[in-house]
$ cat run-v4.cif   # mmCIF, C-alpha atoms
data_model
loop_
_atom_site.group_PDB
_atom_site.id
_atom_site.type_symbol
_atom_site.label_atom_id
_atom_site.label_comp_id
_atom_site.auth_asym_id
_atom_site.auth_seq_id
_atom_site.Cartn_x
_atom_site.Cartn_y
_atom_site.Cartn_z
ATOM 1 C CA MET D 1 -12.601 -33.441 -5.434
ATOM 2 C CA GLU D 2 -13.339 -31.019 -8.218
ATOM 3 C CA ARG D 3 -10.981 -28.261 -9.309
ATOM 4 C CA VAL D 4 -12.639 -25.146 -10.745
ATOM 5 C CA PRO D 5 -10.263 -22.923 -12.708
ATOM 6 C CA LEU D 6 -10.958 -19.219 -12.093
ATOM 7 C CA GLU D 7 -7.984 -17.345 -13.570
ATOM 8 C CA ARG D 8 -9.079 -13.892 -12.554
ATOM 9 C CA LYS D 9 -7.424 -11.002 -10.804
ATOM 10 C CA VAL D 10 -7.979 -10.790 -7.082
ATOM 11 C CA LEU D 11 -8.621 -7.074 -7.482
ATOM 12 C CA SER D 12 -10.936 -7.551 -10.465
ATOM 13 C CA GLU D 13 -13.732 -5.527 -8.821
ATOM 14 C CA ASN D 14 -11.374 -2.596 -8.218
ATOM 15 C CA ASP D 15 -10.050 -2.934 -11.768
ATOM 16 C CA ARG D 16 -13.592 -2.929 -13.160
ATOM 17 C CA ILE D 17 -14.431 0.345 -11.413
ATOM 18 C CA ALA D 18 -11.054 1.827 -12.393
ATOM 19 C CA GLY D 19 -11.781 0.869 -16.005
ATOM 20 C CA GLU D 20 -15.106 2.716 -15.880
ATOM 21 C CA LEU D 21 -13.417 5.772 -14.379
ATOM 22 C CA ARG D 22 -10.688 5.685 -17.038
ATOM 23 C CA GLU D 23 -13.379 5.616 -19.715
ATOM 24 C CA ARG D 24 -15.180 8.625 -18.164
ATOM 25 C CA PHE D 25 -11.903 10.548 -17.973
ATOM 26 C CA ALA D 26 -10.907 9.640 -21.532
ATOM 27 C CA GLN D 27 -14.259 10.729 -22.981
ATOM 28 C CA ARG D 28 -13.705 14.196 -21.513
ATOM 29 C CA GLY D 29 -9.982 14.388 -22.226
ATOM 30 C CA ILE D 30 -9.104 14.686 -18.525
ATOM 31 C CA LEU D 31 -5.503 13.935 -17.598
ATOM 32 C CA VAL D 32 -5.494 12.042 -14.291
ATOM 33 C CA LEU D 33 -2.279 11.600 -12.304
ATOM 34 C CA ASN D 34 -1.800 9.413 -9.221
ATOM 35 C CA PHE D 35 0.974 10.707 -6.907
ATOM 36 C CA ILE D 36 2.589 8.065 -4.712
ATOM 37 C CA SER D 37 5.451 8.372 -2.208
ATOM 38 C CA SER D 38 6.531 7.602 1.349
ATOM 39 C CA PRO D 39 5.026 9.857 4.019
ATOM 40 C CA GLY D 40 6.952 13.127 4.122
ATOM 41 C CA SER D 41 8.513 13.090 0.648
ATOM 42 C CA GLY D 42 6.650 16.240 -0.296
ATOM 43 C CA LYS D 43 3.610 15.222 -2.342
ATOM 44 C CA THR D 44 1.444 17.921 -0.794
ATOM 45 C CA ALA D 45 4.182 20.553 -1.179
ATOM 46 C CA LEU D 46 4.577 19.575 -4.838
ATOM 47 C CA LEU D 47 0.838 19.920 -5.390
ATOM 48 C CA GLU D 48 0.845 23.294 -3.592
ATOM 49 C CA ARG D 49 3.587 24.602 -5.871
ATOM 50 C CA THR D 50 1.808 23.125 -8.891
ATOM 51 C CA LEU D 51 -1.541 24.761 -8.082
ATOM 52 C CA GLU D 52 0.212 28.027 -7.225
ATOM 53 C CA GLY D 53 1.694 28.070 -10.726
ATOM 54 C CA PHE D 54 -1.668 27.718 -12.496
ATOM 55 C CA PRO D 55 -3.586 30.794 -13.678
ATOM 56 C CA GLN D 56 -7.054 31.241 -12.147
ATOM 57 C CA GLY D 57 -9.575 29.467 -14.321
ATOM 58 C CA THR D 58 -7.338 26.447 -14.903
ATOM 59 C CA ARG D 59 -9.633 23.440 -15.053
ATOM 60 C CA VAL D 60 -7.916 21.425 -12.351
ATOM 61 C CA ALA D 61 -9.167 19.584 -9.257
ATOM 62 C CA VAL D 62 -7.451 17.612 -6.500
ATOM 63 C CA LEU D 63 -8.393 14.537 -4.474
ATOM 64 C CA THR D 64 -6.098 13.990 -1.529
ATOM 65 C CA GLY D 65 -6.004 10.812 0.538
ATOM 66 C CA ASP D 66 -4.956 10.364 4.149
ATOM 67 C CA ILE D 67 -5.745 7.900 6.880
ATOM 68 C CA GLN D 68 -6.928 10.714 9.144
ATOM 69 C CA THR D 69 -7.370 14.539 9.115
ATOM 70 C CA ASP D 70 -8.286 16.966 6.358
ATOM 71 C CA ASN D 71 -5.065 18.957 6.873
ATOM 72 C CA ASP D 72 -3.884 18.401 3.295
ATOM 73 C CA ALA D 73 -7.199 19.508 1.777
ATOM 74 C CA GLN D 74 -6.995 22.658 3.904
ATOM 75 C CA ARG D 75 -3.467 23.349 2.670
ATOM 76 C CA LEU D 76 -4.441 22.738 -0.955
ATOM 77 C CA SER D 77 -7.753 24.610 -1.008
ATOM 78 C CA ARG D 78 -5.997 27.969 -0.557
ATOM 79 C CA TYR D 79 -5.335 28.187 -4.292
ATOM 80 C CA GLY D 80 -8.972 28.529 -5.345
ATOM 81 C CA PHE D 81 -9.359 25.191 -7.151
ATOM 82 C CA PRO D 82 -11.732 22.385 -6.107
ATOM 83 C CA VAL D 83 -10.073 20.103 -3.539
ATOM 84 C CA ARG D 84 -11.524 17.180 -1.633
ATOM 85 C CA GLN D 85 -10.074 15.120 1.175
ATOM 86 C CA ILE D 86 -10.601 11.377 1.174
ATOM 87 C CA THR D 87 -10.018 9.966 4.661
ATOM 88 C CA THR D 88 -9.566 6.234 4.459
ATOM 89 C CA ALA D 89 -10.116 5.587 8.193
ATOM 90 C CA GLY D 90 -7.266 3.121 8.429
ATOM 91 C CA ALA D 91 -6.796 1.885 4.873
ATOM 92 C CA CYS D 92 -3.224 2.410 3.686
ATOM 93 C CA HIS D 93 -4.145 3.240 0.074
ATOM 94 C CA LEU D 94 -6.866 4.763 -2.095
ATOM 95 C CA ASP D 95 -8.979 2.424 -4.210
ATOM 96 C CA ALA D 96 -11.116 3.028 -7.271
ATOM 97 C CA ARG D 97 -14.379 3.118 -5.338
ATOM 98 C CA MET D 98 -13.034 5.908 -3.103
ATOM 99 C CA ILE D 99 -12.217 7.929 -6.227
ATOM 100 C CA GLU D 100 -15.694 7.277 -7.638
ATOM 101 C CA ARG D 101 -17.258 8.551 -4.402
ATOM 102 C CA GLY D 102 -14.794 11.442 -4.148
ATOM 103 C CA LEU D 103 -15.884 12.702 -7.564
ATOM 104 C CA GLU D 104 -19.607 12.706 -6.717
ATOM 105 C CA GLY D 105 -21.167 16.102 -7.324
ATOM 106 C CA TRP D 106 -18.268 17.405 -9.432
ATOM 107 C CA ASP D 107 -19.018 18.256 -13.036
ATOM 108 C CA LEU D 108 -16.279 16.390 -14.879
ATOM 109 C CA ASP D 109 -17.014 18.385 -18.021
ATOM 110 C CA GLN D 110 -15.438 21.351 -16.218
ATOM 111 C CA LEU D 111 -12.101 19.565 -15.744
ATOM 112 C CA ASP D 112 -8.966 19.011 -17.833
ATOM 113 C CA LEU D 113 -6.730 17.800 -15.036
ATOM 114 C CA LEU D 114 -7.305 15.726 -11.907
ATOM 115 C CA LEU D 115 -4.460 15.303 -9.437
ATOM 116 C CA ILE D 116 -4.801 12.440 -6.954
ATOM 117 C CA GLU D 117 -2.539 12.458 -3.915
ATOM 118 C CA ASN D 118 -2.452 8.910 -2.585
ATOM 119 C CA VAL D 119 -1.907 7.914 1.049
ATOM 120 C CA GLY D 120 1.805 8.162 1.928
ATOM 121 C CA ASN D 121 2.968 4.587 1.345
ATOM 122 C CA LEU D 122 5.181 3.029 -1.322
ATOM 123 C CA VAL D 123 3.664 -0.452 -1.183
ATOM 124 C CA CYS D 124 -0.117 -0.765 -1.114
ATOM 125 C CA PRO D 125 -1.164 2.127 -3.419
ATOM 126 C CA THR D 126 0.860 0.422 -6.148
ATOM 127 C CA SER D 127 -1.648 -2.443 -6.426
ATOM 128 C CA TYR D 128 -4.797 -0.341 -6.800
ATOM 129 C CA ASP D 129 -5.616 1.107 -10.195
ATOM 130 C CA LEU D 130 -7.530 4.390 -9.777
ATOM 131 C CA GLY D 131 -8.265 4.902 -13.474
ATOM 132 C CA GLU D 132 -5.299 7.273 -13.776
ATOM 133 C CA ARG D 133 -3.304 7.964 -16.929
ATOM 134 C CA ALA D 134 0.006 7.805 -15.101
ATOM 135 C CA LYS D 135 1.491 7.146 -11.703
ATOM 136 C CA ILE D 136 4.124 9.584 -10.473
ATOM 137 C CA VAL D 137 6.465 8.534 -7.684
ATOM 138 C CA VAL D 138 8.039 11.188 -5.458
ATOM 139 C CA LEU D 139 11.335 10.431 -3.722
ATOM 140 C CA SER D 140 13.209 12.932 -1.558
ATOM 141 C CA VAL D 141 16.896 13.337 -0.805
ATOM 142 C CA THR D 142 16.370 12.707 2.920
ATOM 143 C CA GLU D 143 15.526 9.087 2.056
ATOM 144 C CA GLY D 144 17.859 6.348 0.803
ATOM 145 C CA GLU D 145 19.078 6.245 -2.802
ATOM 146 C CA ASP D 146 18.191 2.544 -2.907
ATOM 147 C CA LYS D 147 14.442 3.022 -2.328
ATOM 148 C CA PRO D 148 13.750 1.977 -5.955
ATOM 149 C CA LEU D 149 15.435 -1.357 -5.207
ATOM 150 C CA LYS D 150 13.595 -1.796 -1.922
ATOM 151 C CA TYR D 151 10.167 -0.895 -3.369
ATOM 152 C CA PRO D 152 10.526 -1.942 -7.003
ATOM 153 C CA GLY D 153 6.767 -2.220 -7.660
ATOM 154 C CA ILE D 154 6.009 1.485 -7.683
ATOM 155 C CA PHE D 155 9.230 2.540 -9.418
ATOM 156 C CA HIS D 156 8.508 -0.073 -12.080
ATOM 157 C CA LYS D 157 4.975 1.227 -12.670
ATOM 158 C CA ALA D 158 5.589 4.969 -12.379
ATOM 159 C CA GLU D 159 6.039 6.903 -15.603
ATOM 160 C CA LEU D 160 7.885 9.719 -13.852
ATOM 161 C CA MET D 161 10.035 9.921 -10.730
ATOM 162 C CA ILE D 162 10.286 13.322 -9.069
ATOM 163 C CA LEU D 163 13.323 13.713 -6.847
ATOM 164 C CA ASN D 164 12.326 16.385 -4.314
ATOM 165 C CA LYS D 165 14.146 18.505 -1.708
ATOM 166 C CA ILE D 166 17.284 18.945 -3.824
ATOM 167 C CA ASP D 167 17.954 22.181 -1.910
ATOM 168 C CA LEU D 168 19.072 19.900 0.959
ATOM 169 C CA LEU D 169 21.753 18.108 -1.094
ATOM 170 C CA PRO D 170 24.636 20.106 0.471
ATOM 171 C CA TYR D 171 23.583 18.878 3.938
ATOM 172 C CA VAL D 172 22.782 15.204 3.370
ATOM 173 C CA PRO D 173 24.898 12.310 2.018
ATOM 174 C CA PHE D 174 22.347 11.510 -0.743
ATOM 175 C CA LYS D 175 23.846 10.862 -4.196
ATOM 176 C CA PRO D 176 21.350 11.694 -6.979
ATOM 177 C CA GLU D 177 23.352 9.704 -9.530
ATOM 178 C CA LEU D 178 23.058 6.559 -7.412
ATOM 179 C CA ALA D 179 19.303 7.088 -7.021
ATOM 180 C CA ARG D 180 18.975 7.460 -10.803
ATOM 181 C CA GLU D 181 20.966 4.276 -11.312
ATOM 182 C CA CYS D 182 18.737 2.360 -8.845
ATOM 183 C CA ALA D 183 15.549 3.676 -10.499
ATOM 184 C CA ASN D 184 16.858 2.683 -13.930
ATOM 185 C CA ARG D 185 17.658 -0.798 -12.708
ATOM 186 C CA VAL D 186 13.991 -1.499 -11.888
ATOM 187 C CA HIS D 187 12.599 0.688 -14.693
ATOM 188 C CA PRO D 188 15.029 1.278 -17.547
ATOM 189 C CA GLY D 189 14.422 4.677 -19.111
ATOM 190 C CA ILE D 190 12.143 6.014 -16.339
ATOM 191 C CA GLN D 191 11.753 9.787 -16.639
ATOM 192 C CA ILE D 192 13.312 11.661 -13.714
ATOM 193 C CA LEU D 193 12.971 15.312 -12.672
ATOM 194 C CA GLU D 194 14.881 16.933 -9.819
ATOM 195 C CA VAL D 195 13.033 19.666 -7.947
ATOM 196 C CA SER D 196 12.916 21.638 -4.741
ATOM 197 C CA CYS D 197 9.458 22.686 -3.648
ATOM 198 C CA THR D 198 11.124 25.027 -1.131
ATOM 199 C CA THR D 199 13.299 27.050 -3.532
ATOM 200 C CA GLY D 200 11.318 26.337 -6.690
ATOM 201 C CA ALA D 201 14.351 24.837 -8.472
ATOM 202 C CA GLY D 202 13.375 22.480 -11.289
ATOM 203 C CA LEU D 203 9.665 23.281 -11.086
ATOM 204 C CA ASP D 204 9.679 24.848 -14.556
ATOM 205 C CA ALA D 205 10.690 21.471 -16.016
ATOM 206 C CA TRP D 206 7.894 19.811 -14.023
ATOM 207 C CA GLN D 207 5.347 22.347 -15.290
ATOM 208 C CA ALA D 208 6.565 21.761 -18.853
ATOM 209 C CA TRP D 209 6.150 17.981 -18.384
ATOM 210 C CA LEU D 210 2.614 18.533 -17.107
ATOM 211 C CA GLU D 211 1.782 20.867 -19.974
ATOM 212 C CA ARG D 212 3.021 18.322 -22.539
ATOM 213 C CA ARG D 213 0.923 15.581 -20.946
ATOM 214 C CA ARG D 214 -2.158 17.841 -20.779
ATOM 215 C CA ARG D 215 -1.879 18.607 -24.464
ATOM 216 C CA ALA D 216 -1.527 14.903 -25.234
ATOM 217 C CA ALA D 217 -4.724 14.152 -23.241
ATOM 218 C CA MET W 1 0.298 -3.986 4.704
ATOM 219 C CA HIS W 2 -2.940 -4.290 2.735
ATOM 220 C CA GLU W 3 -3.130 -8.067 3.069
ATOM 221 C CA MET W 4 -6.402 -7.803 5.024
ATOM 222 C CA GLY W 5 -8.035 -5.995 2.093
ATOM 223 C CA ILE W 6 -6.624 -8.514 -0.373
ATOM 224 C CA ALA W 7 -7.841 -11.418 1.787
ATOM 225 C CA SER W 8 -11.366 -9.890 1.847
ATOM 226 C CA SER W 9 -11.335 -9.517 -1.955
ATOM 227 C CA VAL W 10 -10.268 -13.161 -2.311
ATOM 228 C CA ILE W 11 -13.034 -14.334 0.040
ATOM 229 C CA GLU W 12 -15.642 -12.233 -1.782
ATOM 230 C CA SER W 13 -14.728 -13.891 -5.116
ATOM 231 C CA VAL W 14 -14.563 -17.370 -3.569
ATOM 232 C CA LEU W 15 -18.000 -17.009 -1.977
ATOM 233 C CA ALA W 16 -19.483 -15.788 -5.259
ATOM 234 C CA GLU W 17 -18.024 -18.798 -7.076
ATOM 235 C CA ALA W 18 -19.001 -21.249 -4.301
ATOM 236 C CA ALA W 19 -22.617 -20.058 -4.545
ATOM 237 C CA ARG W 20 -22.678 -21.549 -8.047
ATOM 238 C CA HIS W 21 -21.881 -24.999 -6.642
ATOM 239 C CA PRO W 22 -24.574 -25.652 -4.039
ATOM 240 C CA GLY W 23 -23.828 -28.499 -1.651
ATOM 241 C CA ALA W 24 -20.079 -28.353 -2.278
ATOM 242 C CA ARG W 25 -17.517 -27.314 0.291
ATOM 243 C CA VAL W 26 -14.456 -25.266 -0.670
ATOM 244 C CA THR W 27 -11.325 -27.131 0.420
ATOM 245 C CA LYS W 28 -8.609 -25.153 -1.309
ATOM 246 C CA VAL W 29 -8.153 -21.682 -2.798
ATOM 247 C CA GLY W 30 -5.314 -21.332 -5.302
ATOM 248 C CA LEU W 31 -3.594 -17.969 -5.678
ATOM 249 C CA ARG W 32 -0.674 -16.837 -7.825
ATOM 250 C CA ILE W 33 1.335 -13.941 -6.447
ATOM 251 C CA GLY W 34 4.196 -12.155 -8.187
ATOM 252 C CA GLU W 35 7.234 -10.824 -6.367
ATOM 253 C CA LEU W 36 6.334 -7.243 -7.320
ATOM 254 C CA ALA W 37 2.758 -7.514 -6.052
ATOM 255 C CA GLY W 38 3.793 -6.207 -2.636
ATOM 256 C CA ILE W 39 2.093 -9.041 -0.764
ATOM 257 C CA ASP W 40 3.567 -10.841 2.199
ATOM 258 C CA GLN W 41 2.368 -14.425 1.823
ATOM 259 C CA ALA W 42 2.525 -15.292 5.517
ATOM 260 C CA SER W 43 0.572 -12.185 6.419
ATOM 261 C CA LEU W 44 -2.014 -12.884 3.701
ATOM 262 C CA THR W 45 -2.464 -16.442 4.980
ATOM 263 C CA PHE W 46 -2.849 -15.124 8.529
ATOM 264 C CA CYS W 47 -5.526 -12.618 7.416
ATOM 265 C CA PHE W 48 -7.343 -15.239 5.335
ATOM 266 C CA GLU W 49 -7.453 -17.694 8.232
ATOM 267 C CA ALA W 50 -8.674 -14.995 10.612
ATOM 268 C CA LEU W 51 -11.464 -13.948 8.236
ATOM 269 C CA VAL W 52 -12.766 -17.457 7.439
ATOM 270 C CA LYS W 53 -12.913 -18.586 11.067
ATOM 271 C CA GLU W 54 -16.416 -19.876 11.889
ATOM 272 C CA THR W 55 -17.638 -19.365 8.331
ATOM 273 C CA GLU W 56 -18.412 -21.854 5.568
ATOM 274 C CA LEU W 57 -14.824 -21.385 4.333
ATOM 275 C CA GLU W 58 -13.272 -22.339 7.661
ATOM 276 C CA SER W 59 -11.770 -25.590 6.344
ATOM 277 C CA ALA W 60 -10.451 -24.055 3.109
ATOM 278 C CA ILE W 61 -6.694 -23.801 2.819
ATOM 279 C CA LEU W 62 -4.876 -21.149 0.870
ATOM 280 C CA ALA W 63 -2.369 -22.504 -1.672
ATOM 281 C CA ILE W 64 -0.021 -19.801 -2.925
ATOM 282 C CA GLU W 65 2.222 -20.225 -5.962
ATOM 283 C CA ASP W 66 4.998 -17.776 -6.812
ATOM 284 C CA ALA W 67 4.526 -15.954 -10.086
ATOM 285 C CA GLY W 68 6.225 -13.254 -12.118
ATOM 286 C CA CYS W 69 5.986 -9.477 -11.962
ATOM 287 C CA ASP W 70 3.016 -8.003 -10.082
ATOM 288 C CA GLU W 71 0.598 -10.828 -10.776
ATOM 289 C CA LEU W 72 -2.099 -11.241 -8.126
ATOM 290 C CA ASP W 73 -4.514 -13.839 -9.439
ATOM 291 C CA LEU W 74 -7.152 -16.127 -8.083
ATOM 292 C CA ALA W 75 -6.197 -19.247 -10.051
ATOM 293 C CA TYR W 76 -8.604 -22.004 -8.959
ATOM 294 C CA LEU W 77 -10.848 -23.449 -6.265
ATOM 295 C CA GLU W 78 -11.044 -27.036 -5.113
ATOM 296 C CA LEU W 79 -14.455 -28.281 -4.007
ATOM 297 C CA GLU W 80 -15.742 -31.414 -2.354
ATOM 298 C CA GLU W 81 -19.311 -32.638 -2.503
#
$ encode --input "run-v4.cif" --output "structure tokens"
Amino acid sequence: MERVPLERKVLSENDRIAGELRERFAQRGILVLNFISSPGSGKTALLERTLEGFPQGTRVAVLTGDIQTDNDAQRLSRYGFPVRQITTAGACHLDARMIERGLEGWDLDQLDLLLIENVGNLVCPTSYDLGERAKIVVLSVTEGEDKPLKYPGIFHKAELMILNKIDLLPYVPFKPELARECANRVHPGIQILEVSCTTGAGLDAWQAWLERRRRAA
Amino acid sequence: MHEMGIASSVIESVLAEAARHPGARVTKVGLRIGELAGIDQASLTFCFEALVKETELESAILAIEDAGCDELDLAYLELEE
């Protein structure tokens, strides 16, 4: 019997493509953000409000992933910016090759910002690097405060946690302080913003965060 | 949930490595999986076994070691002439 040491990542092919993408984005100074959440936390609503807030001519594009339908791309294309749907036909996450294909035909020199809406899932998208600068996790107040403890991988890797639907706080038993505490247990010092995509509360702080990150890119 | 995709990636790498050892049969595939990797080991083993059925890897067993953080590594192969 012969043992051959390999010592390589299982997802090394995905990581290789993601590395190439990251290089292409960096050369052009494009800020790329990967939005991850459970289904129904409000990723698409957050992107709608974000695009709505941009002046025409903003150099932004969106890739949105779902298992089926182009409903999200239809919702997001109303704002006049380039939007493409990636349908994964069953896969529960986006991978780097899907992003590479999704970008085909777009002139990256015309972009400063690329927003990637992952498939609604807190587990699998966490493992696949898409060449992004940062992962953003969206949690909503109709979920449990302990989601960061139940799905530590994504809360550990995300640079920013957006707590959405805060307009519903008077009607649900959710305690934001407890959610913050849980997030900090798996990721000490994680940045947290509280927003409501329905009323617009907190979105100015989100836009300021985005603006700071765009300038840094 | 994405164990099938992970199992396919593992098999792809194993086949590529096995091709460099003609005449040898892969008997064991060693993986290291961290607790934050989001992988269910039983489900991964199930997917692996389903995918290698009736292939040259049919007799290979998957040996999984626990690791830290989100590690998901192909550690080694064992081959027999």
$ resolve_selection --input "run-v4.cif" --expression "the PyMOL selection byres ((chain D) within 6 of (chain W))" --output "MDAnalysis selection string"
chainID D and resid 1:10 123:124 153
$ closest_residue --input "run-v4.cif" --among "D:Ile36, D:Ile136, D:Leu114, D:Ala73" --to "D:Cys92" --atoms "only C-alpha atoms"
D:Ile36
$ residues_around --input "run-v4.cif" --residues "D:Arg97" --least-positions-apart "4" --cutoff "9 Å" --atoms "only C-alpha atoms" --output "PyMOL selection string"
chain D and resi 14+17-18+101-102+130
$ resolve_selection --input "run-v4.cif" --expression "the PyMOL selection byres ((chain D and resi 210) around 12)" --output "PyMOL selection string"
chain D and resi 31-33+47+50-51+53-54+60+112-115+134+136+160+193+203-209+211-217
$ write_last_selection --input "run-v4.cif" --atoms "C-alpha atoms" --output "tab-separated table (two decimals), in the frame of the given file"
chain	number	residue	atom	x	y	z
D	31	LEU	CA	-5.50	13.94	-17.60
D	32	VAL	CA	-5.49	12.04	-14.29
D	33	LEU	CA	-2.28	11.60	-12.30
D	47	LEU	CA	0.84	19.92	-5.39
D	50	THR	CA	1.81	23.12	-8.89
D	51	LEU	CA	-1.54	24.76	-8.08
D	53	GLY	CA	1.69	28.07	-10.73
D	54	PHE	CA	-1.67	27.72	-12.50
D	60	VAL	CA	-7.92	21.42	-12.35
D	112	ASP	CA	-8.97	19.01	-17.83
D	113	LEU	CA	-6.73	17.80	-15.04
D	114	LEU	CA	-7.30	15.73	-11.91
D	115	LEU	CA	-4.46	15.30	-9.44
D	134	ALA	CA	0.01	7.80	-15.10
D	136	ILE	CA	4.12	9.58	-10.47
D	160	LEU	CA	7.88	9.72	-13.85
D	193	LEU	CA	12.97	15.31	-12.67
D	203	LEU	CA	9.66	23.28	-11.09
D	204	ASP	CA	9.68	24.85	-14.56
D	205	ALA	CA	10.69	21.47	-16.02
D	206	TRP	CA	7.89	19.81	-14.02
D	207	GLN	CA	5.35	22.35	-15.29
D	208	ALA	CA	6.56	21.76	-18.85
D	209	TRP	CA	6.15	17.98	-18.38
D	211	GLU	CA	1.78	20.87	-19.97
D	212	ARG	CA	3.02	18.32	-22.54
D	213	ARG	CA	0.92	15.58	-20.95
D	214	ARG	CA	-2.16	17.84	-20.78
D	215	ARG	CA	-1.88	18.61	-24.46
D	216	ALA	CA	-1.53	14.90	-25.23
D	217	ALA	CA	-4.72	14.15	-23.24
$ atom_distance --input "run-v4.cif" --atom1 "atom CA of D:Gly120" --atom2 "atom CA of W:Leu44"
21.5 Å
$ closest_residue --input "run-v4.cif" --among "D:Asp109, D:Asp95, D:Glu177, D:Asp146" --to "D:Ala61" --atoms "all atoms listed in the file"
D:Asp109
$ atom_distance --input "run-v4.cif" --atom1 "atom CA of D:Trp106" --atom2 "atom CA of D:Gly65"
17.1 Å
$ atom_distance --input "run-v4.cif" --atom1 "atom CA of D:Arg59" --atom2 "atom CA of D:Leu111"
4.6 Å
$ axis_aligned_box --input "run-v4.cif" --around "stretch 10-21 of chain W" --padding-each-side "6 Å" --output "JSON"
{"center_x": -16.5, "center_y": -18.6, "center_z": -4.0, "size_x": 24.4, "size_y": 24.8, "size_z": 20.1}
$ residues_around --input "run-v4.cif" --residues "D:Ser38" --least-positions-apart "5" --cutoff "10 Å" --atoms "only C-alpha atoms" --output "PyMOL selection string"
chain D and resi 43+118-123+137-140+143+147
$ resolve_selection --input "run-v4.cif" --expression "the PyMOL selection byres ((chain D and resi 96) around 12)" --output "PyMOL selection string"
chain D and resi 11-22+34+86+93-95+97-103+116+118+125+127-132
$ decode --input "run-v4.cif" --residues "stretch 62-80 of chain W" --atoms "N, CA and C atoms" --output "mmCIF file, in the first residue's frame"
data_model
loop_
_atom_site.group_PDB
_atom_site.id
_atom_site.type_symbol
_atom_site.label_atom_id
_atom_site.label_comp_id
_atom_site.auth_asym_id
_atom_site.auth_seq_id
_atom_site.Cartn_x
_atom_site.Cartn_y
_atom_site.Cartn_z
ATOM 1 N N LEU W 62 -13.904 6.211 2.002
ATOM 2 C CA LEU W 62 -13.680 7.601 2.364
ATOM 3 C C LEU W 62 -13.330 7.637 3.855
ATOM 4 N N ALA W 63 -12.161 8.200 4.181
ATOM 5 C CA ALA W 63 -11.758 8.307 5.587
ATOM 6 C C ALA W 63 -11.778 9.784 5.960
ATOM 7 N N ILE W 64 -12.678 10.144 6.868
ATOM 8 C CA ILE W 64 -12.847 11.561 7.202
ATOM 9 C C ILE W 64 -12.312 11.840 8.597
ATOM 10 N N GLU W 65 -11.417 12.831 8.678
ATOM 11 C CA GLU W 65 -10.906 13.264 9.989
ATOM 12 C C GLU W 65 -11.519 14.612 10.317
ATOM 13 N N ASP W 66 -11.830 14.841 11.583
ATOM 14 C CA ASP W 66 -12.330 16.150 12.007
ATOM 15 C C ASP W 66 -11.177 17.144 12.026
ATOM 16 N N ALA W 67 -11.483 18.373 11.631
ATOM 17 C CA ALA W 67 -10.451 19.403 11.622
ATOM 18 C C ALA W 67 -11.043 20.691 12.175
ATOM 19 N N GLY W 68 -10.233 21.731 12.209
ATOM 20 C CA GLY W 68 -10.704 22.996 12.775
ATOM 21 C C GLY W 68 -11.351 23.886 11.734
ATOM 22 N N CYS W 69 -12.089 24.862 12.207
ATOM 23 C CA CYS W 69 -12.638 25.942 11.386
ATOM 24 C C CYS W 69 -13.374 25.423 10.152
ATOM 25 N N ASP W 70 -13.150 26.035 8.992
ATOM 26 C CA ASP W 70 -13.939 25.636 7.816
ATOM 27 C C ASP W 70 -13.083 24.839 6.833
ATOM 28 N N GLU W 71 -12.085 24.166 7.366
ATOM 29 C CA GLU W 71 -11.197 23.367 6.533
ATOM 30 C C GLU W 71 -11.985 22.323 5.741
ATOM 31 N N LEU W 72 -11.634 22.159 4.477
ATOM 32 C CA LEU W 72 -12.264 21.135 3.643
ATOM 33 C C LEU W 72 -11.171 20.700 2.668
ATOM 34 N N ASP W 73 -10.350 19.750 3.145
ATOM 35 C CA ASP W 73 -9.138 19.400 2.409
ATOM 36 C C ASP W 73 -9.118 17.938 2.011
ATOM 37 N N LEU W 74 -8.540 17.723 0.823
ATOM 38 C CA LEU W 74 -8.246 16.381 0.379
ATOM 39 C C LEU W 74 -6.827 16.107 0.883
ATOM 40 N N ALA W 75 -6.689 15.241 1.884
ATOM 41 C CA ALA W 75 -5.409 15.097 2.574
ATOM 42 C C ALA W 75 -4.488 14.103 1.885
ATOM 43 N N TYR W 76 -5.018 12.920 1.525
ATOM 44 C CA TYR W 76 -4.145 11.880 0.950
ATOM 45 C C TYR W 76 -4.979 10.847 0.185
ATOM 46 N N LEU W 77 -4.274 10.027 -0.565
ATOM 47 C CA LEU W 77 -4.877 8.852 -1.213
ATOM 48 C C LEU W 77 -4.059 7.634 -0.788
ATOM 49 N N GLU W 78 -4.707 6.498 -0.679
ATOM 50 C CA GLU W 78 -3.951 5.259 -0.530
ATOM 51 C C GLU W 78 -4.185 4.413 -1.780
ATOM 52 N N LEU W 79 -3.075 3.884 -2.296
ATOM 53 C CA LEU W 79 -3.132 3.112 -3.551
ATOM 54 C C LEU W 79 -2.554 1.738 -3.345
ATOM 55 N N GLU W 80 -3.070 0.791 -4.099
ATOM 56 C CA GLU W 80 -2.488 -0.558 -4.117
ATOM 57 C C GLU W 80 -2.170 -0.942 -5.541
#
